[in-house]
Amino acid sequence: MNAEEVKLVLEAYLKVTEKDIRIYYEKKIGSAICDVMAVTDKLVGFEIKSDLDNYERLAEQVKAYDLFFDKNYIVVGKKHLSSVNEKVPSHWGIICIRDGAFQIERKAKMNRGVACTRQLSILWKIELKNLLVENNLPMYALKHKGFLIDKLTEHVPADKLKKQVVSELKGRDYSLLNDDEEEQNFVGIELLDGLSEQDFSSFTLDKWIALYNRARAVNAKKESVFENKKTERPVHEINYKDIEVSLGAPWISCDIINEFVWQLLELENSSSSYLRDYLTNNPKIVNVEPITGNWFIESKGYVGGGNRLAEEVYGIKRYNALYIIEATLNLREIKLFDGKDYNEADTLAALEKQRLICDKFKEWIWLDEDRIWEVEEAYNGMFAGLGEKTYDGSKLTFAGMNENITLHSYQKDAVQKIISTPNTLLAFDVGAGKTFIMIAAAMLMRASGLSRKNVFVVPNNIVGQWEFMFITLYPNAKVLTVEPKSFRQEMRNKVLRQIKEGDYDGIIIAYSCFELMNLSSEYIEASLREKLQALNSAIKSLTNRGAWRWGQAPLEREKKYLQGLAVELIDEIKAPVNEVAFDSLEINTLFVDEAHNFKNIPLKTALKNLRGINTKGSAKCLDMLEKVRCVQNANGGRGVVFATGTPICNSLSDAFAMQTYLQYDLLLERHLDRFDNWVKTFARPEQVCEIDVDTSKFRFVHRFVKFFNLPELSKLFSESTAFYANNESDL
């Protein structure tokens, strides 16, 4: 019997034994063709080897079948019956058909290696969109099949998807071939896929032409439907034309970056069948670990190797485009070496390709309506609705204030902002009255019960001036002043007990004394344990998802970094350790004057040789950051007021330091708490060439060459900041 005769017997048997079945012929499955696909409550593949066939391609076919089907059978004639058992895996079933007789020699077992992505790939694009709707996922009008499959596998359990695949295949409708039937739910080239169950012997040229015209009409109708869906979307406050994108920005999804890589390198057209199979089974080659923000691209050498676009157009042979994209996503320096020798030519070539890729990304991302919507939605979710709020302090009354002193309206408004905002930055010019604002706010919060204990940290040389101004504004206030001479070692614990147990309207502390107020090692260790526990949970989650390959390493590095900071902080504790630790003082509000002195916080960043920024930070700024966080943690996230006439001194990145102190929760919600994410949202660093003074040497350094999305940065910054510029003293 030949293959066609075997097929007829097999079909007759399946229709008799299965009441609810759909049969497809010659279905393409990856690099192979399935002779017969039966759809029951599962997908079953049948590979036919008649007496006229051989086993030459069977090994490759077995691999393909095992990726697609829940059960597999090989159907043979008399010739192959004695040898077939050793040609297929043990979970395959064996059927023998000879002289019209049907015999199951071995029943198939469930295939545990079937890939859900492969089964989804059998569906038409419109059927995949049906599944998006069924699973309450967003509809995408213009995305390719790989993107839709990736979305479904990411959000829907595999067992549920398999049932839905079966349902779609059973319900597939080919009545489009009848000109009298109503419009069907498939378009374009998917019509050709539908012909797998048709008899072409009666097809005339007129029927083919009619089919083509019908397909065009259906496609036009579908495009119209999708356009209507797009017009139903609400208009965003921030339009995409006002958004500048960069590779790796936290508000651009991993899916978009993955799609960009696929299209940039035309991975769907890979010449290698093995690579096509790999990519079909692993469509998401770009991944990101959300806690550290570390990006990773799978199999860069394998996927990019031999790809002309990856090795010539957007990369170089030794450092293909995938390596360049991954480095860019992570703000990692590109510097190529031959052993220990720096290769200048290859580095310059790779940097030029990097600029080309970045330019291509900025152009590509706005070419797709769905993508525009997704980016706008994410960006607006982060920044829409932000803005400088107005605070009216005109109705405030200040009991106990010197009747000869009246605060200006802008000072009252600033007091209202301090009361109403969890943490505040007074960005007022010198002489604009910041001191009176802080004192008035502290007294008002104390009177209302909002802040029982107010501590003012001020430069050493103006401690006396601060005490004088406090008593001048509130003559009857009870103030404790801590100067270096009163905070000597033998007196320190007595003063700390006074701070802890006393009832003061204000406690004024000199910078140097504040630095000597150590956090307890127990507090530091508990804080570290909490952070490490979060990282360990993330590592466990990644392991459970099978993502440990790319996710665990950055988390382990983060653990090591945090442990290093904790050790550094404990080492900074001045010996002997105070009996009364800072974390036991029960401070409700911490006021820091001339706060620009503490902007040099340590920055965890992949940027090396970043001009104008000390990423290591200073010990006093690390100490201040930990004490600020201690006060905030004890007071529900609020409790810190900074005052400075120069919030931004050397670089716009100074804003990040102030935001880290005062807007940590806002940054954390937006994944901007990490400096590299903040940079990718608001700044563009580049590796630029610097020539030494004597012009004999040059070197590459990172420097900020542009700042962007500044309206949104300004809105975010102003959420906690009060601005006022005045050259005349109000004191």
# chains A, B, ... in the order shown; residues from 1 in each chain; ligands from 1
call {"tool": "select_by_dssp", "arguments": {"residues": "range 451-665 of chain A", "states": "helix (DSSP H, G or I)", "output": "VMD selection string"}}
result
chain A and resid 460 to 473 484 to 487 489 to 501 511 to 515 521 to 544 548 to 572 582 to 584 595 to 598 619 to 634 654 to 662 664 to 665
call {"tool": "closest_residue", "arguments": {"among": "A:Lys300, A:Lys389, A:Lys453, A:Lys604", "to": "Trp678 in chain A", "atoms": "only C-alpha atoms"}}
result
A:Lys604
call {"tool": "atom_distance", "arguments": {"atom1": "CA of Leu123 in chain A", "atom2": "CA of Lys71 in chain A"}}
result
18.3 Å
call {"tool": "closest_residue", "arguments": {"among": "A:Leu622, A:Leu562, A:Ala595, A:Met110", "to": "Leu532 in chain A", "atoms": "only C-alpha atoms"}}
result
A:Leu562
call {"tool": "residues_around", "arguments": {"residues": "Asn597 in chain A", "least_positions_apart": "3", "cutoff": "10 Å", "atoms": "only C-alpha atoms", "output": "list in words"}}
result
Pro459, Val592, Asp593, Glu594, Asn600, Lys620, Cys621, Thr644, Thr646 and Pro647 of chain A
call {"tool": "closest_residue", "arguments": {"among": "A:Gly502, A:Gly433, A:Gly293, A:Pro711", "to": "Asn677 in chain A", "atoms": "only C-alpha atoms"}}
result
A:Gly293
call {"tool": "select_by_dssp", "arguments": {"residues": "range 308-516 of chain A", "states": "strand (DSSP E or B)", "output": "PyMOL selection string"}}
result
chain A and resi 316+319+337-338+341-342+423-428+454-458+479-482+506-510
call {"tool": "residues_around", "arguments": {"residues": "Ala345 in chain A", "least_positions_apart": "6", "cutoff": "12 Å", "atoms": "only C-alpha atoms", "output": "PDB file with N, CA, C and O atoms, in the first residue's frame"}}
result
ATOM      1  N   ILE A 316      29.967  44.028  14.718  1.00  0.00           N
ATOM      2  CA  ILE A 316      31.185  43.567  14.056  1.00  0.00           C
ATOM      3  C   ILE A 316      31.346  42.076  14.341  1.00  0.00           C
ATOM      4  O   ILE A 316      30.693  41.530  15.230  1.00  0.00           O
ATOM      5  N   LYS A 335      34.437  48.213  25.497  1.00  0.00           N
ATOM      6  CA  LYS A 335      35.887  48.369  25.389  1.00  0.00           C
ATOM      7  C   LYS A 335      36.457  46.999  25.050  1.00  0.00           C
ATOM      8  O   LYS A 335      36.361  46.063  25.855  1.00  0.00           O
ATOM      9  N   LEU A 336      37.021  46.845  23.870  1.00  0.00           N
ATOM     10  CA  LEU A 336      37.439  45.538  23.375  1.00  0.00           C
ATOM     11  C   LEU A 336      38.952  45.366  23.500  1.00  0.00           C
ATOM     12  O   LEU A 336      39.726  46.296  23.236  1.00  0.00           O
ATOM     13  N   PHE A 337      39.359  44.151  23.873  1.00  0.00           N
ATOM     14  CA  PHE A 337      40.768  43.844  24.083  1.00  0.00           C
ATOM     15  C   PHE A 337      41.150  42.590  23.309  1.00  0.00           C
ATOM     16  O   PHE A 337      40.324  41.698  23.083  1.00  0.00           O
ATOM     17  N   ASP A 338      42.388  42.531  22.923  1.00  0.00           N
ATOM     18  CA  ASP A 338      43.003  41.307  22.407  1.00  0.00           C
ATOM     19  C   ASP A 338      43.944  40.815  23.498  1.00  0.00           C
ATOM     20  O   ASP A 338      45.080  41.281  23.612  1.00  0.00           O
ATOM     21  N   LEU A 351      31.465  51.132  18.850  1.00  0.00           N
ATOM     22  CA  LEU A 351      30.774  52.330  19.330  1.00  0.00           C
ATOM     23  C   LEU A 351      29.961  52.986  18.217  1.00  0.00           C
ATOM     24  O   LEU A 351      28.858  53.509  18.455  1.00  0.00           O
ATOM     25  N   GLU A 352      30.492  52.960  17.006  1.00  0.00           N
ATOM     26  CA  GLU A 352      29.762  53.510  15.865  1.00  0.00           C
ATOM     27  C   GLU A 352      28.505  52.676  15.595  1.00  0.00           C
ATOM     28  O   GLU A 352      27.431  53.222  15.301  1.00  0.00           O
TER      29      GLU A 352
END
call {"tool": "residues_around", "arguments": {"residues": "Gln263 in chain A", "least_positions_apart": "5", "cutoff": "12 Å", "atoms": "only C-alpha atoms", "output": "ChimeraX atom specification"}}
result
/A:143-144,146-147,256-258,268-270,309-310,360-361,364-365
call {"tool": "residues_around", "arguments": {"residues": "Glu363 in chain A", "least_positions_apart": "5", "cutoff": "10 Å", "atoms": "only C-alpha atoms", "output": "VMD selection string"}}
result
chain A and resid 245 357 to 358
call {"tool": "write_last_selection", "arguments": {"atoms": "C-alpha atoms", "output": "compact mmCIF listing (two decimals), in the first residue's frame"}}
result
# COMPACT_ATOMS: atom_id res chain seq x y z
CA VAL A 245 13.18 56.95 24.37
CA ILE A 357 21.41 50.89 16.75
CA CYS A 358 20.24 53.62 19.15
call {"tool": "closest_residue", "arguments": {"among": "A:Ala534, A:Ile419, A:Glu376, A:Trp366", "to": "Asp392 in chain A", "atoms": "only C-alpha atoms"}}
result
A:Ile419
call {"tool": "residues_around", "arguments": {"residues": "Gly45 in chain A", "least_positions_apart": "5", "cutoff": "6 Å", "atoms": "only C-alpha atoms", "output": "list in words"}}
result
Met37, Phe69 and Asn72 of chain A
call {"tool": "atom_distance", "arguments": {"atom1": "CA of Ala249 in chain A", "atom2": "CA of Thr681 in chain A"}}
result
5.5 Å
call {"tool": "closest_residue", "arguments": {"among": "A:Trp295, A:Ala349, A:Asp370, A:Lys79", "to": "Asn320 in chain A", "atoms": "only C-alpha atoms"}}
result
A:Ala349
